[in-house]
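**Student:** Okay, handing you the structure first.
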Amino acid sequence: MTIYPDSVVLFTGDSITDCGREKENPVANSGLGGGYAHLAASSLLNHVASPDLEIHNRGISGNRVYDLEERLEKDLIELNPDVVSILIGINDTWRRYDSDKLSPADEFKASYARILSAIREKLEADVILLEPFLLPVPEDRMAWREDLDPRITVVRELAVEFGTEYIALDGLFAEAATKAPAAHWLPDGVHPSLAGHSLIAEEWLDRVSFGEA
């Protein structure tokens with residue numbers, strides 16, 4: 001995944017990407033929220049040091065994959081990004097347990113595949129998929145594994161099918177939880193702390209190379 005001085009980079013997804021970003025009048029390189037997208041963008045803007053590099057955050061708290069598909073044209077295609085980073089899926093699981101709203105794995109996969117197909121057909125963009133993740137904070141989050149694990153498998157399958165970059169965040173957080181308590185990384189088992197966001201950003205930046213204009 002190569003970033004050039006005039007690249008347009010887009011982060012999209014749910015609240016983990018949103019993280020308080022500016023929604024009223026979003027502009028490139030500003031109001032990117034307080035999470036991994038902001039941390040990654042800060043590093044890119046420092047390293048590339050080009051006024052032509054554009055970085056956008058279009059995460060929206062509470063979104064499921066179907067919401068991402070619904071706003072695909074406005075919040076993704078119209079920006080004409082060169083790099084698209086997607087993190088989606090935990091709310092497709094969460095809504096089953098707090099609202100009895102189901103997102104069957106096959107329907108989740110079909111919606112996600114339509115998003116990726118549209119990107120492939122309408123853009124010349126590198127895509128990186130970040131898998132959803134979960135830690136047992138509180139312990140009853142473990143029951144969510146029944147729903148989330150097949151969803152993670154789906155995202156991995158789509159990364160192979162569409163030839164995208166991939167970051168196995170669920171495994172990354174599981175490994176991190178052997179070094180410090182799970183709540184250090186994900187205080188509610190889902191939303192990262194500053195340490196958790198840094199973990200994601202560092203892994204994301206490890207996939208980046210830099211090219212000349």
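Letters A, B, ... mark the chains of the structure tokens in the order given; residue numbers begin at 1 per chain; ligand numbers begin at 1, in order shown.
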So that I can see what lies close to segment 1-5 of chain A, please list as a compact mmCIF listing (two decimals) with all heavy atoms, in the first residue's frame the residues with an atom at most 10 Å from it, counting only C-alpha atoms and leaving out residues fewer than 3 positions away in the same chain.
**Tutor:**
```txt
# COMPACT_ATOMS: atom_id res chain seq x y z
N VAL A 8 -5.04 10.51 -1.89
CA VAL A 8 -6.24 10.75 -1.09
C VAL A 8 -6.50 9.47 -0.28
O VAL A 8 -6.68 8.39 -0.87
CB VAL A 8 -7.45 11.08 -1.96
CG1 VAL A 8 -8.71 11.26 -1.09
CG2 VAL A 8 -7.20 12.34 -2.79
N VAL A 9 -6.46 9.58 1.03
CA VAL A 9 -6.60 8.44 1.92
C VAL A 9 -7.91 8.56 2.68
O VAL A 9 -8.22 9.62 3.24
CB VAL A 9 -5.42 8.36 2.92
CG1 VAL A 9 -5.58 7.16 3.85
CG2 VAL A 9 -4.09 8.31 2.17
N LEU A 44 1.37 10.12 8.79
CA LEU A 44 1.47 10.26 7.33
C LEU A 44 1.77 11.70 6.93
O LEU A 44 2.62 11.96 6.07
CB LEU A 44 0.17 9.80 6.67
CG LEU A 44 -0.17 8.31 6.74
CD1 LEU A 44 -1.53 8.06 6.10
CD2 LEU A 44 0.91 7.46 6.07
N LEU A 45 1.05 12.64 7.53
CA LEU A 45 1.24 14.04 7.17
C LEU A 45 2.63 14.54 7.55
O LEU A 45 3.21 15.38 6.86
CB LEU A 45 0.16 14.90 7.85
CG LEU A 45 -1.26 14.70 7.31
CD1 LEU A 45 -2.28 15.29 8.27
CD2 LEU A 45 -1.40 15.32 5.92
N HIS A 47 5.36 12.48 7.74
CA HIS A 47 6.34 11.78 6.92
C HIS A 47 6.33 12.29 5.48
O HIS A 47 7.38 12.55 4.90
CB HIS A 47 6.07 10.27 6.93
CG HIS A 47 7.12 9.47 6.23
ND1 HIS A 47 8.14 8.84 6.91
CD2 HIS A 47 7.34 9.22 4.91
CE1 HIS A 47 8.93 8.23 6.04
NE2 HIS A 47 8.46 8.44 4.82
N VAL A 48 5.14 12.45 4.92
CA VAL A 48 5.03 12.85 3.52
C VAL A 48 5.30 14.34 3.35
O VAL A 48 5.90 14.78 2.37
CB VAL A 48 3.64 12.47 2.95
CG1 VAL A 48 3.48 12.98 1.53
CG2 VAL A 48 3.45 10.96 3.00
N ALA A 49 4.84 15.13 4.31
CA ALA A 49 5.09 16.59 4.31
C ALA A 49 4.73 17.23 2.98
O ALA A 49 5.51 17.99 2.40
CB ALA A 49 6.55 16.87 4.67
N SER A 50 3.52 16.91 2.51
CA SER A 50 3.05 17.47 1.25
C SER A 50 1.68 18.12 1.46
O SER A 50 0.78 17.49 2.01
CB SER A 50 2.93 16.39 0.18
OG SER A 50 2.19 16.84 -0.94
N PRO A 51 1.49 19.35 0.98
CA PRO A 51 0.17 19.99 1.10
C PRO A 51 -0.88 19.34 0.23
O PRO A 51 -2.07 19.65 0.37
CB PRO A 51 0.45 21.43 0.67
CG PRO A 51 1.64 21.36 -0.22
CD PRO A 51 2.49 20.25 0.34
N ASP A 52 -0.46 18.47 -0.67
CA ASP A 52 -1.40 17.82 -1.58
C ASP A 52 -1.93 16.48 -1.05
O ASP A 52 -2.84 15.90 -1.65
CB ASP A 52 -0.75 17.59 -2.95
CG ASP A 52 -0.37 18.89 -3.63
OD1 ASP A 52 -1.16 19.85 -3.54
OD2 ASP A 52 0.72 18.95 -4.23
N LEU A 53 -1.37 15.98 0.03
CA LEU A 53 -1.87 14.75 0.64
C LEU A 53 -3.18 15.05 1.35
O LEU A 53 -3.26 15.95 2.18
CB LEU A 53 -0.84 14.19 1.63
CG LEU A 53 -1.27 12.95 2.43
CD1 LEU A 53 -1.52 11.77 1.50
CD2 LEU A 53 -0.20 12.60 3.48
N GLU A 54 -4.22 14.28 1.03
CA GLU A 54 -5.53 14.45 1.67
C GLU A 54 -5.89 13.21 2.46
O GLU A 54 -5.81 12.10 1.95
CB GLU A 54 -6.62 14.68 0.61
CG GLU A 54 -6.57 16.00 -0.10
CD GLU A 54 -7.79 16.21 -0.98
OE1 GLU A 54 -8.79 15.46 -0.82
OE2 GLU A 54 -7.75 17.11 -1.84
N ASP A 82 -7.46 7.17 -3.17
CA ASP A 82 -6.44 6.25 -3.68
C ASP A 82 -6.21 5.09 -2.72
O ASP A 82 -5.74 4.02 -3.13
CB ASP A 82 -5.12 6.99 -3.89
CG ASP A 82 -5.26 8.16 -4.83
OD1 ASP A 82 -5.51 7.92 -6.03
OD2 ASP A 82 -5.15 9.32 -4.38
N VAL A 83 -6.51 5.32 -1.45
CA VAL A 83 -6.39 4.29 -0.41
C VAL A 83 -7.67 4.31 0.41
O VAL A 83 -8.11 5.37 0.86
CB VAL A 83 -5.17 4.55 0.51
CG1 VAL A 83 -5.16 3.56 1.66
CG2 VAL A 83 -3.87 4.48 -0.28
N ALA A 125 -8.21 2.15 -6.41
CA ALA A 125 -7.78 2.36 -5.03
C ALA A 125 -7.20 1.09 -4.43
O ALA A 125 -7.68 -0.02 -4.70
CB ALA A 125 -8.96 2.84 -4.18
N ASP A 126 -6.18 1.27 -3.61
CA ASP A 126 -5.72 0.20 -2.74
C ASP A 126 -6.68 0.12 -1.56
O ASP A 126 -7.10 1.15 -1.02
CB ASP A 126 -4.31 0.48 -2.22
CG ASP A 126 -3.26 0.41 -3.32
OD1 ASP A 126 -3.45 -0.36 -4.27
OD2 ASP A 126 -2.26 1.15 -3.21
N VAL A 127 -7.01 -1.10 -1.14
CA VAL A 127 -7.96 -1.29 -0.05
C VAL A 127 -7.28 -2.08 1.06
O VAL A 127 -6.56 -3.05 0.80
CB VAL A 127 -9.22 -2.04 -0.54
CG1 VAL A 127 -10.18 -2.29 0.63
CG2 VAL A 127 -9.91 -1.26 -1.65
N ILE A 128 -7.51 -1.66 2.28
CA ILE A 128 -7.04 -2.41 3.44
C ILE A 128 -8.23 -2.67 4.35
O ILE A 128 -8.97 -1.76 4.71
CB ILE A 128 -5.90 -1.66 4.18
CG1 ILE A 128 -5.42 -2.47 5.38
CG2 ILE A 128 -6.30 -0.25 4.57
CD1 ILE A 128 -4.10 -1.99 5.95
N THR A 164 -7.10 -7.67 -1.13
CA THR A 164 -6.82 -6.46 -0.35
C THR A 164 -5.72 -6.71 0.68
O THR A 164 -5.39 -7.86 1.01
CB THR A 164 -8.07 -5.97 0.39
OG1 THR A 164 -8.32 -6.83 1.51
CG2 THR A 164 -9.28 -5.94 -0.52
N GLU A 165 -5.19 -5.63 1.21
CA GLU A 165 -4.39 -5.72 2.43
C GLU A 165 -5.31 -6.13 3.58
O GLU A 165 -6.52 -5.91 3.53
CB GLU A 165 -3.74 -4.37 2.75
CG GLU A 165 -2.62 -3.98 1.83
CD GLU A 165 -1.29 -4.58 2.24
OE1 GLU A 165 -1.21 -5.21 3.32
OE2 GLU A 165 -0.33 -4.44 1.47
N LEU A 205 0.21 1.57 9.90
CA LEU A 205 1.35 2.27 9.30
C LEU A 205 2.45 1.30 8.87
O LEU A 205 3.20 1.60 7.92
CB LEU A 205 1.92 3.29 10.29
CG LEU A 205 1.02 4.52 10.54
CD1 LEU A 205 1.47 5.26 11.79
CD2 LEU A 205 1.01 5.44 9.33
N ASP A 206 2.52 0.14 9.50
CA ASP A 206 3.51 -0.87 9.09
C ASP A 206 3.23 -1.39 7.69
O ASP A 206 4.12 -1.98 7.06
CB ASP A 206 3.52 -2.04 10.09
CG ASP A 206 4.33 -1.76 11.33
OD1 ASP A 206 5.09 -0.77 11.32
OD2 ASP A 206 4.21 -2.52 12.30
N ARG A 207 2.00 -1.23 7.20
CA ARG A 207 1.64 -1.72 5.86
C ARG A 207 1.90 -0.68 4.77
O ARG A 207 1.65 -0.94 3.60
CB ARG A 207 0.15 -2.11 5.83
CG ARG A 207 -0.29 -3.03 6.96
CD ARG A 207 0.57 -4.28 7.03
NE ARG A 207 0.22 -5.09 8.18
CZ ARG A 207 -0.66 -6.07 8.15
NH1 ARG A 207 -1.30 -6.35 7.03
NH2 ARG A 207 -0.93 -6.78 9.25
N VAL A 208 2.39 0.48 5.15
CA VAL A 208 2.53 1.60 4.22
C VAL A 208 3.95 1.71 3.69
O VAL A 208 4.92 1.55 4.42
CB VAL A 208 2.14 2.92 4.93
CG1 VAL A 208 2.50 4.13 4.08
CG2 VAL A 208 0.66 2.93 5.25
N SER A 209 4.03 1.97 2.39
CA SER A 209 5.30 2.42 1.80
C SER A 209 5.05 3.79 1.19
O SER A 209 3.90 4.22 1.03
CB SER A 209 5.80 1.43 0.74
OG SER A 209 4.85 1.30 -0.31
N PHE A 210 6.10 4.48 0.83
CA PHE A 210 5.97 5.85 0.32
C PHE A 210 6.58 5.96 -1.06
O PHE A 210 7.66 5.40 -1.32
CB PHE A 210 6.62 6.84 1.28
CG PHE A 210 5.97 6.84 2.65
CD1 PHE A 210 6.52 6.10 3.68
CD2 PHE A 210 4.83 7.58 2.87
CE1 PHE A 210 5.91 6.09 4.94
CE2 PHE A 210 4.21 7.57 4.12
CZ PHE A 210 4.76 6.83 5.15
N GLY A 211 5.86 6.65 -1.94
CA GLY A 211 6.33 6.82 -3.30
C GLY A 211 6.55 8.29 -3.64
O GLY A 211 6.04 9.19 -2.95
N GLU A 212 7.28 8.52 -4.72
CA GLU A 212 7.52 9.87 -5.19
C GLU A 212 6.36 10.33 -6.08
O GLU A 212 5.65 9.51 -6.68
CB GLU A 212 8.82 9.93 -5.99
CG GLU A 212 10.05 9.53 -5.19
CD GLU A 212 10.37 10.49 -4.06
OE1 GLU A 212 10.05 11.70 -4.21
OE2 GLU A 212 10.89 10.05 -3.03
N ALA A 213 6.18 11.61 -6.20
CA ALA A 213 5.11 12.16 -7.03
C ALA A 213 5.35 11.84 -8.50
O ALA A 213 6.50 11.75 -8.94
CB ALA A 213 5.05 13.66 -6.83
```
**Student:** Could you make a table, as a tab-separated table, of the residues of segment 66-90 of chain A that have an atom within 12 Å of an atom of segment 17-30 of chain A, each with its nearest atom pair and distance in Å to one decimal, counting only C-alpha atoms, in chain and number order?
**Tutor:**
```
residue	atom	partner	partner_atom	distance
A:Asp75	CA	A:Pro26	CA	10.7
A:Leu79	CA	A:Ala28	CA	10.2
A:Pro81	CA	A:Ala28	CA	11.5
A:Ser85	CA	A:Thr17	CA	9.8
A:Ile86	CA	A:Thr17	CA	8.8
A:Leu87	CA	A:Thr17	CA	7.2
A:Ile88	CA	A:Thr17	CA	9.0
A:Gly89	CA	A:Thr17	CA	11.9
A:Ile90	CA	A:Thr17	CA	11.8
```
**Student:** Mind checking which residues fall within 12 Å of Ile200 of chain A, counting only C-alpha atoms, ignoring those fewer than 2 positions away in the same chain, and posting them as a compact mmCIF listing (two decimals) with all heavy atoms, in the first residue's frame?
**Tutor:**
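Result file follows (selection28.txt):
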```txt
# COMPACT_ATOMS: atom_id res chain seq x y z
N ILE A 16 -15.38 3.20 16.14
CA ILE A 16 -13.95 3.03 16.40
C ILE A 16 -13.15 3.91 15.47
O ILE A 16 -12.10 4.44 15.83
CB ILE A 16 -13.56 1.55 16.29
CG1 ILE A 16 -14.33 0.72 17.32
CG2 ILE A 16 -12.06 1.36 16.48
CD1 ILE A 16 -14.27 -0.77 17.11
N THR A 17 -13.65 4.10 14.26
CA THR A 17 -13.02 5.01 13.29
C THR A 17 -13.48 6.44 13.54
O THR A 17 -12.67 7.37 13.54
CB THR A 17 -13.35 4.58 11.85
OG1 THR A 17 -12.92 3.23 11.66
CG2 THR A 17 -12.68 5.48 10.84
N GLY A 35 -8.92 8.98 17.45
CA GLY A 35 -8.53 7.58 17.45
C GLY A 35 -7.42 7.21 16.49
O GLY A 35 -6.58 8.04 16.13
N TYR A 36 -7.44 5.95 16.07
CA TYR A 36 -6.35 5.42 15.23
C TYR A 36 -6.24 6.16 13.91
O TYR A 36 -5.13 6.34 13.38
CB TYR A 36 -6.53 3.92 14.99
CG TYR A 36 -7.59 3.56 13.98
CD1 TYR A 36 -7.26 3.39 12.64
CD2 TYR A 36 -8.92 3.40 14.35
CE1 TYR A 36 -8.23 3.07 11.70
CE2 TYR A 36 -9.89 3.08 13.42
CZ TYR A 36 -9.54 2.92 12.10
OH TYR A 36 -10.50 2.61 11.18
N ALA A 37 -7.38 6.62 13.33
CA ALA A 37 -7.32 7.36 12.07
C ALA A 37 -6.53 8.65 12.25
O ALA A 37 -5.72 9.02 11.40
CB ALA A 37 -8.73 7.64 11.56
N HIS A 38 -6.78 9.33 13.36
CA HIS A 38 -6.05 10.57 13.66
C HIS A 38 -4.56 10.28 13.85
O HIS A 38 -3.70 11.01 13.33
CB HIS A 38 -6.62 11.21 14.92
CG HIS A 38 -5.83 12.37 15.44
ND1 HIS A 38 -6.01 13.66 14.98
CD2 HIS A 38 -4.85 12.43 16.37
CE1 HIS A 38 -5.17 14.47 15.61
NE2 HIS A 38 -4.45 13.76 16.46
N LEU A 39 -4.25 9.23 14.59
CA LEU A 39 -2.85 8.90 14.85
C LEU A 39 -2.12 8.52 13.57
O LEU A 39 -0.98 8.96 13.33
CB LEU A 39 -2.76 7.77 15.87
CG LEU A 39 -3.30 8.06 17.27
CD1 LEU A 39 -3.29 6.80 18.12
CD2 LEU A 39 -2.49 9.17 17.94
N ALA A 40 -2.75 7.70 12.75
CA ALA A 40 -2.14 7.31 11.48
C ALA A 40 -1.98 8.51 10.57
O ALA A 40 -0.94 8.69 9.92
CB ALA A 40 -2.96 6.22 10.81
N SER A 85 -9.45 2.48 3.73
CA SER A 85 -9.29 1.64 4.92
C SER A 85 -10.66 1.43 5.55
O SER A 85 -11.35 2.40 5.87
CB SER A 85 -8.34 2.34 5.91
OG SER A 85 -8.22 1.61 7.12
N LEU A 87 -12.99 -0.53 8.55
CA LEU A 87 -13.16 -1.31 9.78
C LEU A 87 -14.64 -1.29 10.11
O LEU A 87 -15.19 -0.26 10.51
CB LEU A 87 -12.34 -0.70 10.92
CG LEU A 87 -12.58 -1.27 12.32
CD1 LEU A 87 -12.42 -2.79 12.36
CD2 LEU A 87 -11.65 -0.60 13.33
N LEU A 130 -9.68 -4.08 7.93
CA LEU A 130 -9.34 -4.32 9.33
C LEU A 130 -10.46 -5.17 9.93
O LEU A 130 -11.63 -4.79 9.86
CB LEU A 130 -9.22 -3.00 10.10
CG LEU A 130 -8.00 -2.12 9.85
CD1 LEU A 130 -7.95 -1.61 8.41
CD2 LEU A 130 -7.96 -0.96 10.83
N GLU A 131 -10.10 -6.31 10.49
CA GLU A 131 -11.15 -7.18 11.02
C GLU A 131 -11.70 -6.63 12.34
O GLU A 131 -10.97 -6.00 13.10
CB GLU A 131 -10.63 -8.60 11.21
CG GLU A 131 -9.66 -8.78 12.35
CD GLU A 131 -9.09 -10.20 12.44
OE1 GLU A 131 -9.20 -10.95 11.45
OE2 GLU A 131 -8.53 -10.53 13.50
N PRO A 132 -12.99 -6.86 12.60
CA PRO A 132 -13.55 -6.48 13.91
C PRO A 132 -12.92 -7.32 15.02
O PRO A 132 -12.34 -8.39 14.76
CB PRO A 132 -15.04 -6.77 13.75
CG PRO A 132 -15.13 -7.79 12.67
CD PRO A 132 -13.98 -7.52 11.74
N PHE A 133 -13.04 -6.85 16.24
CA PHE A 133 -12.32 -7.48 17.35
C PHE A 133 -13.11 -7.35 18.64
O PHE A 133 -14.05 -6.55 18.74
CB PHE A 133 -10.94 -6.84 17.51
CG PHE A 133 -10.96 -5.34 17.55
CD1 PHE A 133 -11.19 -4.64 18.72
CD2 PHE A 133 -10.77 -4.61 16.39
CE1 PHE A 133 -11.23 -3.26 18.76
CE2 PHE A 133 -10.80 -3.21 16.40
CZ PHE A 133 -11.03 -2.53 17.59
N ILE A 167 -5.53 -6.61 8.09
CA ILE A 167 -4.95 -6.54 9.43
C ILE A 167 -5.82 -7.36 10.38
O ILE A 167 -7.01 -7.06 10.56
CB ILE A 167 -4.83 -5.09 9.94
CG1 ILE A 167 -3.93 -4.26 9.01
CG2 ILE A 167 -4.24 -5.09 11.35
CD1 ILE A 167 -3.72 -2.83 9.46
N ALA A 168 -5.23 -8.36 10.98
CA ALA A 168 -5.95 -9.28 11.87
C ALA A 168 -6.00 -8.70 13.28
O ALA A 168 -5.29 -9.14 14.19
CB ALA A 168 -5.27 -10.65 11.86
N LEU A 169 -6.85 -7.71 13.47
CA LEU A 169 -6.88 -6.98 14.74
C LEU A 169 -7.33 -7.83 15.91
O LEU A 169 -6.89 -7.60 17.05
CB LEU A 169 -7.79 -5.75 14.62
CG LEU A 169 -7.27 -4.61 13.75
CD1 LEU A 169 -8.28 -3.48 13.70
CD2 LEU A 169 -5.93 -4.10 14.29
N ASP A 170 -8.23 -8.78 15.68
CA ASP A 170 -8.70 -9.60 16.80
C ASP A 170 -7.53 -10.36 17.43
O ASP A 170 -7.40 -10.39 18.65
CB ASP A 170 -9.78 -10.56 16.32
CG ASP A 170 -10.52 -11.21 17.48
OD1 ASP A 170 -11.09 -10.46 18.31
OD2 ASP A 170 -10.54 -12.46 17.56
N GLY A 171 -6.70 -10.91 16.60
CA GLY A 171 -5.52 -11.60 17.11
C GLY A 171 -4.52 -10.65 17.74
O GLY A 171 -3.87 -10.96 18.74
N LEU A 172 -4.41 -9.46 17.16
CA LEU A 172 -3.48 -8.46 17.68
C LEU A 172 -3.87 -8.04 19.09
O LEU A 172 -3.01 -7.95 19.98
CB LEU A 172 -3.48 -7.24 16.75
CG LEU A 172 -2.38 -6.21 16.97
CD1 LEU A 172 -1.03 -6.78 16.59
CD2 LEU A 172 -2.67 -4.96 16.13
N PHE A 173 -5.18 -7.82 19.31
CA PHE A 173 -5.63 -7.44 20.66
C PHE A 173 -5.54 -8.62 21.63
O PHE A 173 -5.25 -8.42 22.82
CB PHE A 173 -7.04 -6.87 20.61
CG PHE A 173 -7.07 -5.41 20.26
CD1 PHE A 173 -7.47 -4.98 19.00
CD2 PHE A 173 -6.67 -4.46 21.18
CE1 PHE A 173 -7.48 -3.63 18.68
CE2 PHE A 173 -6.67 -3.10 20.86
CZ PHE A 173 -7.08 -2.69 19.61
N ALA A 176 -2.01 -8.59 22.66
CA ALA A 176 -1.74 -7.46 23.54
C ALA A 176 -2.26 -7.72 24.96
O ALA A 176 -1.64 -7.30 25.94
CB ALA A 176 -2.39 -6.19 22.98
N TRP A 185 -6.49 -2.07 26.91
CA TRP A 185 -6.59 -1.89 25.46
C TRP A 185 -8.01 -1.55 25.01
O TRP A 185 -8.21 -0.67 24.17
CB TRP A 185 -6.12 -3.15 24.75
CG TRP A 185 -4.79 -3.62 25.22
CD1 TRP A 185 -4.54 -4.65 26.10
CD2 TRP A 185 -3.51 -3.08 24.88
NE1 TRP A 185 -3.19 -4.77 26.32
CE2 TRP A 185 -2.53 -3.82 25.58
CE3 TRP A 185 -3.10 -2.04 24.05
CZ2 TRP A 185 -1.17 -3.56 25.47
CZ3 TRP A 185 -1.74 -1.77 23.93
CH2 TRP A 185 -0.80 -2.52 24.65
N LEU A 186 -8.98 -2.26 25.57
CA LEU A 186 -10.39 -2.09 25.20
C LEU A 186 -11.20 -2.00 26.49
O LEU A 186 -11.65 -3.03 27.02
CB LEU A 186 -10.89 -3.26 24.35
CG LEU A 186 -10.12 -3.58 23.06
CD1 LEU A 186 -10.70 -4.84 22.40
CD2 LEU A 186 -10.15 -2.41 22.10
N HIS A 191 -14.39 -0.71 22.38
CA HIS A 191 -13.83 0.58 21.99
C HIS A 191 -12.41 0.73 22.56
O HIS A 191 -12.21 0.59 23.77
CB HIS A 191 -14.71 1.72 22.48
CG HIS A 191 -16.05 1.74 21.84
ND1 HIS A 191 -17.14 1.14 22.42
CD2 HIS A 191 -16.46 2.25 20.65
CE1 HIS A 191 -18.20 1.30 21.62
NE2 HIS A 191 -17.81 1.97 20.54
N PRO A 192 -11.45 1.04 21.71
CA PRO A 192 -10.07 1.12 22.19
C PRO A 192 -9.81 2.32 23.10
O PRO A 192 -10.41 3.40 22.94
CB PRO A 192 -9.26 1.26 20.89
CG PRO A 192 -10.15 0.76 19.80
CD PRO A 192 -11.53 1.12 20.24
N SER A 193 -8.91 2.11 24.03
CA SER A 193 -8.30 3.21 24.78
C SER A 193 -7.29 3.89 23.86
O SER A 193 -7.10 3.48 22.70
CB SER A 193 -7.58 2.66 26.00
OG SER A 193 -6.53 1.78 25.56
N LEU A 194 -6.60 4.91 24.37
CA LEU A 194 -5.54 5.53 23.58
C LEU A 194 -4.48 4.49 23.22
O LEU A 194 -3.97 4.48 22.08
CB LEU A 194 -4.92 6.68 24.35
CG LEU A 194 -3.84 7.48 23.61
CD1 LEU A 194 -4.37 8.06 22.31
CD2 LEU A 194 -3.29 8.59 24.50
N ALA A 195 -4.18 3.60 24.16
CA ALA A 195 -3.20 2.54 23.88
C ALA A 195 -3.71 1.63 22.76
O ALA A 195 -2.95 1.23 21.87
CB ALA A 195 -2.93 1.73 25.14
N GLY A 196 -5.00 1.30 22.80
CA GLY A 196 -5.58 0.45 21.77
C GLY A 196 -5.58 1.10 20.41
O GLY A 196 -5.28 0.46 19.39
N HIS A 197 -5.91 2.37 20.37
CA HIS A 197 -5.88 3.10 19.10
C HIS A 197 -4.46 3.17 18.55
O HIS A 197 -4.24 3.04 17.34
CB HIS A 197 -6.46 4.50 19.27
CG HIS A 197 -7.95 4.55 19.21
ND1 HIS A 197 -8.66 4.31 18.05
CD2 HIS A 197 -8.87 4.82 20.18
CE1 HIS A 197 -9.95 4.42 18.30
NE2 HIS A 197 -10.11 4.73 19.57
N SER A 198 -3.49 3.37 19.44
CA SER A 198 -2.09 3.41 19.01
C SER A 198 -1.67 2.06 18.43
O SER A 198 -0.94 2.00 17.43
CB SER A 198 -1.19 3.79 20.19
OG SER A 198 0.16 3.80 19.80
N GLU A 202 -0.28 1.84 14.63
CA GLU A 202 1.07 1.35 14.35
C GLU A 202 1.03 0.18 13.38
O GLU A 202 1.87 0.08 12.48
CB GLU A 202 1.78 0.97 15.65
CG GLU A 202 2.18 2.17 16.50
CD GLU A 202 2.91 1.77 17.76
OE1 GLU A 202 3.20 0.56 17.93
OE2 GLU A 202 3.19 2.67 18.59
N GLU A 203 0.08 -0.71 13.56
CA GLU A 203 -0.05 -1.85 12.65
C GLU A 203 -0.44 -1.37 11.26
O GLU A 203 0.06 -1.89 10.25
CB GLU A 203 -1.09 -2.83 13.19
CG GLU A 203 -1.11 -4.17 12.49
CD GLU A 203 0.11 -5.05 12.77
OE1 GLU A 203 0.82 -4.77 13.76
OE2 GLU A 203 0.35 -5.98 11.98
N TRP A 204 -1.33 -0.40 11.19
CA TRP A 204 -1.74 0.15 9.89
C TRP A 204 -0.55 0.79 9.18
O TRP A 204 -0.32 0.55 7.99
CB TRP A 204 -2.84 1.19 10.14
CG TRP A 204 -3.64 1.59 8.94
CD1 TRP A 204 -4.84 1.09 8.54
CD2 TRP A 204 -3.29 2.60 7.98
NE1 TRP A 204 -5.27 1.71 7.40
CE2 TRP A 204 -4.34 2.65 7.03
CE3 TRP A 204 -2.21 3.47 7.83
CZ2 TRP A 204 -4.33 3.52 5.93
CZ3 TRP A 204 -2.19 4.34 6.75
CH2 TRP A 204 -3.24 4.36 5.83
N LEU A 205 0.21 1.57 9.90
CA LEU A 205 1.35 2.27 9.30
C LEU A 205 2.45 1.30 8.87
O LEU A 205 3.20 1.60 7.92
CB LEU A 205 1.92 3.29 10.29
CG LEU A 205 1.02 4.52 10.54
CD1 LEU A 205 1.47 5.26 11.79
CD2 LEU A 205 1.01 5.44 9.33
N ASP A 206 2.52 0.14 9.50
CA ASP A 206 3.51 -0.87 9.09
C ASP A 206 3.23 -1.39 7.69
O ASP A 206 4.12 -1.98 7.06
CB ASP A 206 3.52 -2.04 10.09
CG ASP A 206 4.33 -1.76 11.33
OD1 ASP A 206 5.09 -0.77 11.32
OD2 ASP A 206 4.21 -2.52 12.30
N ARG A 207 2.00 -1.23 7.20
CA ARG A 207 1.64 -1.72 5.86
C ARG A 207 1.90 -0.68 4.77
O ARG A 207 1.65 -0.94 3.60
CB ARG A 207 0.15 -2.11 5.83
CG ARG A 207 -0.29 -3.03 6.96
CD ARG A 207 0.57 -4.28 7.03
NE ARG A 207 0.22 -5.09 8.18
CZ ARG A 207 -0.66 -6.07 8.15
NH1 ARG A 207 -1.30 -6.35 7.03
NH2 ARG A 207 -0.93 -6.78 9.25
```
**Student:** Within segment 7-211 of chain A, find each residue whose DSSP state, derived from the backbone, is alpha helix (DSSP H), and express the selection as a ChimeraX atom specification.
**Tutor:** /A:15-18,36-48,65-70,72-75,90-98,105-122,145-162,169-176,182-185,194-206
**Student:** With only C-alpha atoms as the atoms that count, which of A:Ala183, A:Leu129, A:Pro138, A:Val190 lies nearest to Tyr166 of chain A?
**Tutor:**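 That would be A:Leu129, the residue with the smallest distance to Tyr166 of chain A.
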**Student:** List every residue of segment 31-204 of chain A that DSSP, applied to the backbone, labels as strand (DSSP E), and write the result as a VMD selection string.
**Tutor:** chain A and resid 54 to 57 83 to 87 126 to 130 165 to 167
**Student:** Could you save the residues just selected, with C-alpha atoms, as an mmCIF file, in the first residue's frame?
**Tutor:**
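Output below, filename again00.cif:
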```cif
data_model
loop_
_atom_site.group_PDB
_atom_site.id
_atom_site.type_symbol
_atom_site.label_atom_id
_atom_site.label_comp_id
_atom_site.auth_asym_id
_atom_site.auth_seq_id
_atom_site.Cartn_x
_atom_site.Cartn_y
_atom_site.Cartn_z
ATOM 1 C CA GLU A 54 -5.531 14.455 1.666
ATOM 2 C CA ILE A 55 -6.750 12.318 4.549
ATOM 3 C CA HIS A 56 -10.441 11.893 5.343
ATOM 4 C CA ASN A 57 -12.364 10.188 8.140
ATOM 5 C CA VAL A 83 -6.391 4.290 -0.409
ATOM 6 C CA VAL A 84 -9.502 2.999 1.370
ATOM 7 C CA SER A 85 -9.286 1.643 4.925
ATOM 8 C CA ILE A 86 -12.393 -0.149 6.236
ATOM 9 C CA LEU A 87 -13.161 -1.305 9.775
ATOM 10 C CA ASP A 126 -5.723 0.199 -2.741
ATOM 11 C CA VAL A 127 -7.961 -1.294 -0.050
ATOM 12 C CA ILE A 128 -7.040 -2.407 3.443
ATOM 13 C CA LEU A 129 -9.542 -4.347 5.549
ATOM 14 C CA LEU A 130 -9.343 -4.321 9.333
ATOM 15 C CA GLU A 165 -4.385 -5.721 2.430
ATOM 16 C CA TYR A 166 -5.554 -7.183 5.742
ATOM 17 C CA ILE A 167 -4.946 -6.544 9.430
#
```
**Student:** Residues at most 9 Å from Pro136 of chain A, counting only C-alpha atoms, excluding those fewer than 3 positions away in the same chain, as a ChimeraX atom specification?
**Tutor:** /A:139-143,182-183,188-190
**Student:** Determine the nearest neighbour of Tyr66 of chain A from the options A:Ser111, A:Thr153, A:Ser42, A:Ser117, counting only C-alpha atoms.
**Tutor:**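 Of A:Ser111, A:Thr153, A:Ser42, A:Ser117, the one nearest Tyr66 of chain A is A:Ser111, counting only C-alpha atoms.
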